[in-house]
$ cat work_3.txt   # compact mmCIF, C-alpha atoms
# COMPACT_ATOMS: atom_id res chain seq x y z
CA MET A 19 -5.49 14.93 -28.15
CA ASP A 20 -9.01 16.04 -27.17
CA THR A 21 -9.50 19.71 -28.12
CA THR A 22 -13.24 20.12 -27.48
CA PRO A 23 -14.26 23.11 -25.29
CA LEU A 24 -12.97 22.87 -21.74
CA SER A 25 -15.32 22.33 -18.79
CA ARG A 26 -15.86 24.88 -16.02
CA MET A 27 -13.09 23.55 -13.78
CA PRO A 28 -9.89 25.60 -13.24
CA LEU A 29 -8.40 25.97 -16.70
CA SER A 30 -4.97 24.66 -15.71
CA LEU A 31 -6.54 21.44 -14.37
CA ALA A 32 -8.69 21.08 -17.46
CA VAL A 33 -5.63 21.44 -19.70
CA SER A 34 -3.53 19.06 -17.60
CA GLY A 35 -6.40 16.57 -17.69
CA ARG A 36 -6.52 16.65 -21.49
CA ILE A 37 -2.77 16.18 -21.81
CA ARG A 38 -2.75 13.45 -19.16
CA ALA A 39 -5.48 11.56 -21.04
CA ALA A 40 -3.42 11.79 -24.24
CA ILE A 41 -0.39 10.38 -22.42
CA LEU A 42 -2.35 7.52 -20.88
CA ASP A 43 -4.05 6.49 -24.12
CA GLY A 44 -0.77 6.57 -26.02
CA SER A 45 -1.54 9.57 -28.21
CA LEU A 46 1.51 11.19 -26.60
CA PRO A 47 3.98 8.29 -26.25
CA VAL A 48 6.85 8.13 -23.76
CA GLY A 49 9.81 10.17 -24.98
CA GLU A 50 7.81 12.52 -27.19
CA ALA A 51 8.25 16.24 -26.66
CA LEU A 52 5.11 18.26 -26.13
CA PRO A 53 4.25 21.17 -28.40
CA THR A 54 5.60 24.54 -27.30
CA GLU A 55 3.80 26.60 -24.67
CA GLN A 56 2.55 28.94 -27.39
CA GLU A 57 1.22 26.05 -29.47
CA LEU A 58 -0.54 24.51 -26.48
CA ALA A 59 -2.01 27.88 -25.53
CA GLN A 60 -3.41 28.27 -29.02
CA THR A 61 -4.71 24.70 -29.08
CA PHE A 62 -6.68 25.13 -25.86
CA SER A 63 -7.44 28.86 -26.27
CA VAL A 64 -5.85 29.70 -22.92
CA GLY A 65 -2.98 31.88 -21.75
CA ARG A 66 0.59 30.66 -21.55
CA SER A 67 0.54 31.01 -17.75
CA THR A 68 -2.33 28.50 -17.67
CA VAL A 69 -0.30 26.12 -19.83
CA ARG A 70 2.72 26.48 -17.52
CA GLU A 71 0.61 25.62 -14.48
CA ALA A 72 -0.89 22.61 -16.29
CA LEU A 73 2.57 21.34 -17.16
CA ARG A 74 3.71 21.74 -13.56
CA VAL A 75 0.78 19.59 -12.45
CA LEU A 76 1.82 16.85 -14.87
CA GLN A 77 5.46 17.14 -13.85
CA ALA A 78 4.43 16.75 -10.21
CA GLN A 79 2.54 13.60 -11.22
CA GLY A 80 5.70 12.22 -12.82
CA LEU A 81 4.27 12.20 -16.33
CA LEU A 82 6.52 14.89 -17.81
CA THR A 83 10.21 15.66 -17.52
CA GLY A 84 11.34 18.87 -15.88
CA ALA A 85 9.98 18.38 -12.36
CA ASP A 86 13.47 19.03 -10.96
CA THR A 87 13.96 22.28 -12.90
CA THR A 88 12.18 25.61 -13.26
CA SER A 89 11.94 25.27 -17.02
CA THR A 90 8.79 23.92 -18.67
CA ALA A 91 9.96 24.47 -22.25
CA ARG A 92 9.16 21.41 -24.40
CA PRO A 93 8.99 18.81 -21.60
CA ARG A 94 8.91 15.18 -22.71
CA VAL A 95 6.52 12.42 -21.73
CA THR A 96 8.09 10.14 -19.13
CA HIS A 97 7.20 7.55 -16.52
CA GLU A 98 10.56 7.77 -14.73
CA HIS A 99 9.18 9.59 -11.70
CA THR A 100 5.68 8.11 -11.51
CA ALA A 101 6.67 5.80 -8.63
CA ASP A 102 8.13 8.78 -6.75
CA SER A 103 4.91 10.70 -7.27
CA ALA A 104 2.78 7.78 -6.09
CA ALA A 105 4.99 7.28 -3.04
CA THR A 106 4.69 10.95 -2.13
CA ALA A 107 0.91 10.82 -2.38
CA LEU A 108 0.73 7.65 -0.28
CA SER A 109 3.17 9.03 2.28
CA THR A 110 1.04 12.17 2.58
CA ALA A 111 -2.09 10.06 3.08
CA LEU A 112 -0.27 8.13 5.79
CA GLN A 113 0.93 11.27 7.58
CA VAL A 114 -2.49 12.94 7.61
CA GLY A 115 -4.10 9.77 8.90
CA ALA A 116 -6.07 8.86 5.78
CA VAL A 117 -4.30 5.49 5.66
CA PRO A 118 -3.10 3.87 8.91
CA LEU A 119 0.43 2.50 9.02
CA GLY A 120 -0.96 -0.90 9.93
CA ASP A 121 -2.92 -1.05 6.67
CA LEU A 122 0.22 -0.31 4.64
CA VAL A 123 2.18 -2.94 6.57
CA GLU A 124 -0.59 -5.46 5.87
CA LEU A 125 -0.47 -4.60 2.16
CA ARG A 126 3.30 -4.91 2.15
CA VAL A 127 3.13 -8.34 3.81
CA LEU A 128 0.62 -9.65 1.28
CA LEU A 129 2.53 -8.22 -1.66
CA GLU A 130 5.99 -9.31 -0.61
CA ALA A 131 4.94 -12.82 0.42
CA ALA A 132 3.24 -13.30 -2.95
CA ALA A 133 6.29 -11.92 -4.77
CA LEU A 134 8.71 -14.26 -2.99
CA ARG A 135 6.71 -17.29 -4.09
CA THR A 136 7.73 -16.40 -7.66
CA VAL A 137 11.46 -15.93 -6.93
CA THR A 138 13.76 -18.85 -7.72
CA ALA A 139 17.14 -17.25 -6.99
CA VAL A 140 18.49 -14.36 -4.94
CA PRO A 141 19.40 -11.54 -7.36
CA GLU A 142 22.85 -9.99 -7.16
CA ASP A 143 21.57 -6.64 -5.92
CA ALA A 144 19.85 -8.41 -3.00
CA ARG A 145 23.08 -10.25 -2.19
CA ALA A 146 24.95 -6.96 -2.30
CA ALA A 147 22.35 -5.44 0.03
CA ILE A 148 22.94 -8.22 2.57
CA GLU A 149 26.67 -7.57 2.48
CA ARG A 150 26.01 -3.87 3.06
CA MET A 151 23.83 -4.83 6.02
CA ARG A 152 26.70 -6.88 7.46
CA ILE A 153 29.04 -3.90 7.17
CA ALA A 154 26.44 -1.56 8.70
CA THR A 155 25.84 -4.00 11.56
CA ARG A 156 29.54 -4.11 12.43
CA ALA A 157 29.63 -0.31 12.32
CA ASP A 158 26.35 0.00 14.25
CA ASP A 159 25.16 2.30 11.45
CA SER A 160 21.34 2.26 11.38
CA VAL A 161 21.11 4.67 8.44
CA ALA A 162 23.29 2.52 6.18
CA PHE A 163 21.48 -0.59 7.38
CA HIS A 164 18.13 0.99 6.58
CA ASP A 165 19.23 1.85 3.04
CA ALA A 166 20.46 -1.70 2.44
CA ASP A 167 17.33 -3.17 4.04
CA VAL A 168 14.91 -1.42 1.70
CA ASP A 169 17.08 -2.21 -1.33
CA PHE A 170 17.02 -5.90 -0.36
CA HIS A 171 13.23 -6.05 -0.18
CA VAL A 172 12.66 -4.10 -3.39
CA ALA A 173 15.16 -6.31 -5.23
CA LEU A 174 13.39 -9.47 -4.11
CA ALA A 175 9.94 -8.08 -4.91
CA GLY A 176 10.94 -7.55 -8.53
CA ALA A 177 13.10 -10.65 -8.93
CA GLY A 178 10.24 -12.87 -10.09
CA GLY A 179 9.74 -10.77 -13.21
CA ASN A 180 6.42 -9.20 -12.20
CA LYS A 181 6.90 -5.47 -12.80
CA ALA A 182 3.83 -4.56 -10.75
CA PHE A 183 5.32 -6.22 -7.64
CA GLY A 184 8.50 -4.18 -7.95
CA LEU A 185 6.67 -0.92 -8.66
CA VAL A 186 4.18 -1.19 -5.80
CA MET A 187 6.89 -2.36 -3.41
CA THR A 188 8.95 0.72 -4.31
CA VAL A 189 5.97 2.95 -3.54
CA LEU A 190 5.32 1.20 -0.22
CA ARG A 191 9.00 1.33 0.68
CA ASP A 192 9.21 5.06 0.13
CA SER A 193 5.96 5.65 2.01
CA ILE A 194 6.95 3.86 5.22
CA ALA A 195 10.74 4.20 5.07
CA GLY A 196 10.74 7.01 7.61
CA TYR A 197 8.98 4.82 10.15
CA LEU A 198 11.52 2.05 9.65
CA LEU A 199 14.48 4.37 10.21
CA SER A 200 12.95 6.09 13.24
CA GLU A 201 12.21 2.71 14.78
CA LEU A 202 15.81 1.57 14.24
CA ASP A 203 17.10 4.76 15.85
CA SER A 204 14.77 4.40 18.83
CA ARG A 205 15.93 0.91 19.85
CA GLU A 206 18.18 1.04 22.93
CA ASN A 207 20.50 -1.78 21.85
CA SER A 208 20.72 -0.92 18.18
CA ALA A 209 23.67 -3.22 17.46
CA ALA A 210 21.72 -6.24 18.74
CA THR A 211 18.67 -5.15 16.74
CA LEU A 212 20.69 -4.83 13.54
CA GLY A 213 22.28 -8.22 14.14
CA ALA A 214 18.88 -9.87 14.60
CA LEU A 215 17.48 -8.21 11.50
CA LEU A 216 20.54 -9.23 9.50
CA ALA A 217 20.00 -12.86 10.51
CA GLU A 218 16.37 -12.65 9.39
CA HIS A 219 17.38 -11.31 5.97
CA GLU A 220 19.99 -14.04 5.61
CA GLY A 221 17.35 -16.62 6.51
CA ILE A 222 15.01 -15.33 3.81
CA ALA A 223 17.80 -15.46 1.22
CA ASP A 224 18.80 -18.96 2.32
CA ALA A 225 15.23 -20.25 1.93
CA ILE A 226 15.08 -18.85 -1.60
CA GLU A 227 18.37 -20.50 -2.51
CA ARG A 228 17.07 -23.86 -1.20
CA GLY A 229 14.00 -23.54 -3.39
CA ALA A 230 11.74 -23.22 -0.34
CA ALA A 231 9.50 -20.48 -1.70
CA ASP A 232 6.71 -20.95 0.83
CA GLU A 233 9.21 -20.88 3.68
CA ALA A 234 10.74 -17.67 2.32
CA ALA A 235 7.28 -16.11 2.12
CA ASP A 236 6.51 -17.14 5.70
CA LEU A 237 9.84 -15.79 6.92
CA VAL A 238 9.36 -12.41 5.26
CA GLU A 239 5.86 -12.15 6.73
CA ARG A 240 7.16 -12.83 10.25
CA HIS A 241 10.08 -10.47 9.64
CA VAL A 242 7.91 -7.53 8.53
CA ARG A 243 5.14 -8.07 11.08
CA GLY A 244 7.66 -8.57 13.87
CA PHE A 245 9.46 -5.35 13.13
CA TYR A 246 6.38 -3.16 12.96
CA GLU A 247 4.53 -4.86 15.81
CA GLY A 248 3.67 -2.22 18.40
CA ARG A 249 3.90 0.67 15.91
CA THR A 250 0.77 -0.39 14.03
CA GLU A 251 -1.53 -0.84 17.01
$ encode --input "work_3.txt" --output "structure tokens"
Amino acid sequence: MDTTPLSRMPLSLAVSGRIRAAILDGSLPVGEALPTEQELAQTFSVGRSTVREALRVLQAQGLLTGADTTSTARPRVTHEHTADSAATALSTALQVGAVPLGDLVELRVLLEAAALRTVTAVPEDARAAIERMRIATRADDSVAFHDADVDFHVALAGAGGNKAFGLVMTVLRDSIAGYLLSELDSRENSAATLGALLAEHEGIADAIERGAADEAADLVERHVRGFYEGRTE
């Protein structure tokens, strides 16, 4: 870990930057516990309150455990919540207008279509998601349908074995999920909407099962663009 004198930025950010760099270059591997607050304070010649704030920054970024607690004693290096952190940042950028919804939809279309061209079979969790969509459609339950819908797409995105597809799709899903649910709730004939969307998901799964990867990619592109059309203009 770099222990040269800190620059003239806020000390907590300087400390978090040093620790973050050590995590990213592997000096602090996943699962390893950090030194104690006192040890870190001595290492960087700062107060323990500065160390606590630095650790909170890293926890918020998903790089350390403890983000869901008030304790920062000996947090461990983790990547478990990095997708959540990225999704929050992207969602914030979307809400403040830094990234238009249409741009995220375009990215999702490109990503998901490319991912489906690598999928040779519908994974079990995607099949289960379709069944949940059927149940939600019969119950006219847009919330349950929404949950199953996003699980279906994330499952397919990662089914080809490319971890980056699954990770980025998870981030995109979490960033635009609120728009999907609000759109479902706003449709006057929600039962008909859910039924139509269910049929589109079944069509995508059927194309994958028939080995028609390009058709599946085309179907998912029409499905995503069709749903968000009008909200992205």
$ closest_residue --input "work_3.txt" --among "A:Leu31, A:Ala132, A:Ile41, A:Ala166" --to "A:Gly184" --atoms "only C-alpha atoms"
A:Ala132
$ atom_distance --input "work_3.txt" --atom1 "atom CA of A:Ala131" --atom2 "atom CA of A:Ile222"
10.9 Å
$ residues_near_point --input "work_3.txt" --point "(-1.6, 27.7, -15.0)" --cutoff "12 Å" --atoms "all atoms listed in the file" --output "PyMOL selection string"
chain A and resi 28-34+55+58-59+64-76+90
$ atom_distance --input "work_3.txt" --atom1 "atom CA of A:Ala175" --atom2 "atom CA of A:Ala133"
5.3 Å
$ atom_distance --input "work_3.txt" --atom1 "atom CA of A:Ala225" --atom2 "atom CA of A:Leu237"
8.6 Å
